[in-house]
Amino acid sequence: MNSAARKVLLTEQSEATSGDLAEILSGLRQEQKTLPPKFFYDEHGSELFERICELPEYYPTRTELDIMERYAGDMAARTGPLASVIEFGSGASLKTRTLLEHLERPAAYVPVDISGDHLLAAARSLAQDFPDIEILPVAADFTRPFPLPDPKIPPRRNLVYFPGSTIGNFLPDAALDLLRVMHQEAGAGGALLIGVDLRKDPAVLERAYNDDRGVTAAFNRNMLYRLNREFGADFDPAAFQHRAVWNDAMGRIEMHLVSREDQTFEIGGETFTLRQDEFITTEYSHKYTQEQFRGLTEAAGFTVEQVWTDPREWFSVQFCTR
Ligand code: AVJ
């Protein structure tokens, strides 16, 4: 194989901004206003998220990386020879490097991410370091159907990689739908390797989402700046306070933007009102027990073959076969 890096071509899904606006409006029309967390990740939001990953309070990234470094050899042995690795929400592809170093040389790596520019930069850097693997980045919103760069990806023995506990952002029904899509894309003989944050002391959780430096607050409020810029909204970000709370009954951290005053805002020709202390929900981050998550993966048709965790059992990486 040639040692020169291959050229990296980005497959871009058409930018469905009208669908995006419809999704935003339908969330804001609900009794409890919500905004989908995928809109956090514009260029600046992706940068803020990478800063979150390095915060002392935010344990998930560090813990998952440790698990990857410790057990990537075992993961590769479980996986065996592969067609491709398809990663959902690849971001900076940090954990993927450890994985790709250990896997039995997959023909292709397909990182899928909603933040196109960010994705291309990460893909180029990977292409430098893994010249023998074809890097096929796809800029797409994976919460909607999107085409993989066929026919290069044979529908067999793919490893679907979904790290970061991004699955936690989805309500259980939507998480199940997404796992079914992944089951499909793994193909015959394929598998899923998924990072899942586990239930733990709520104090640890609330600290992770309310950091001292206010990076998570900036990340949360960045959504409003983005909606102003890209969707013509007129939010006053300073009129909102960041809050993250553990909801024990639902087993999730909830991120809110709490209104500091009675206010109205406009988007897409509609006017919305918020009283003081009312809030917009911007993110759920579900935390699972191993048993709960097994129920979900099995309902999607997978069998959980192995679960790797850290010594405190704060985070898990789970290997599931079809
Ligand atoms: C990327 C969804 C895993 O839920 O912990 C980090 C996003 N939000 N801090 C998470 C996030 C606030 C993160 N995920």
# chains A, B, ... in the order shown; residues from 1 in each chain; ligands from 1
call {"tool": "residues_near_ligand", "arguments": {"ligand": "ligand 1", "cutoff": "9 Å", "atoms": "only C-alpha atoms and all ligand atoms", "output": "JSON, numbers by chain"}}
result
{"A": [37, 38, 40, 49, 52, 53, 58, 60, 61, 89, 163, 164, 165, 166, 167, 168, 169, 170, 196, 197, 208, 209, 210, 215, 216, 217, 219, 220, 244, 253, 255, 283, 284, 285, 286]}
call {"tool": "closest_residue", "arguments": {"among": "A:Asp236, A:Asp42, A:Glu134, A:Glu270", "to": "Asp117 in chain A", "atoms": "only C-alpha atoms"}}
result
A:Asp42
call {"tool": "atom_distance", "arguments": {"atom1": "CA of Arg221 in chain A", "atom2": "CA of Ala238 in chain A"}}
result
8.5 Å
call {"tool": "select_by_dssp", "arguments": {"residues": "range 28-266 of chain A", "states": "strand (DSSP E or B)", "output": "PyMOL selection string"}}
result
chain A and resi 34+84-88+108-113+134-135+138-139+156+159-162+188+191-198+240-247+252-259+263-266
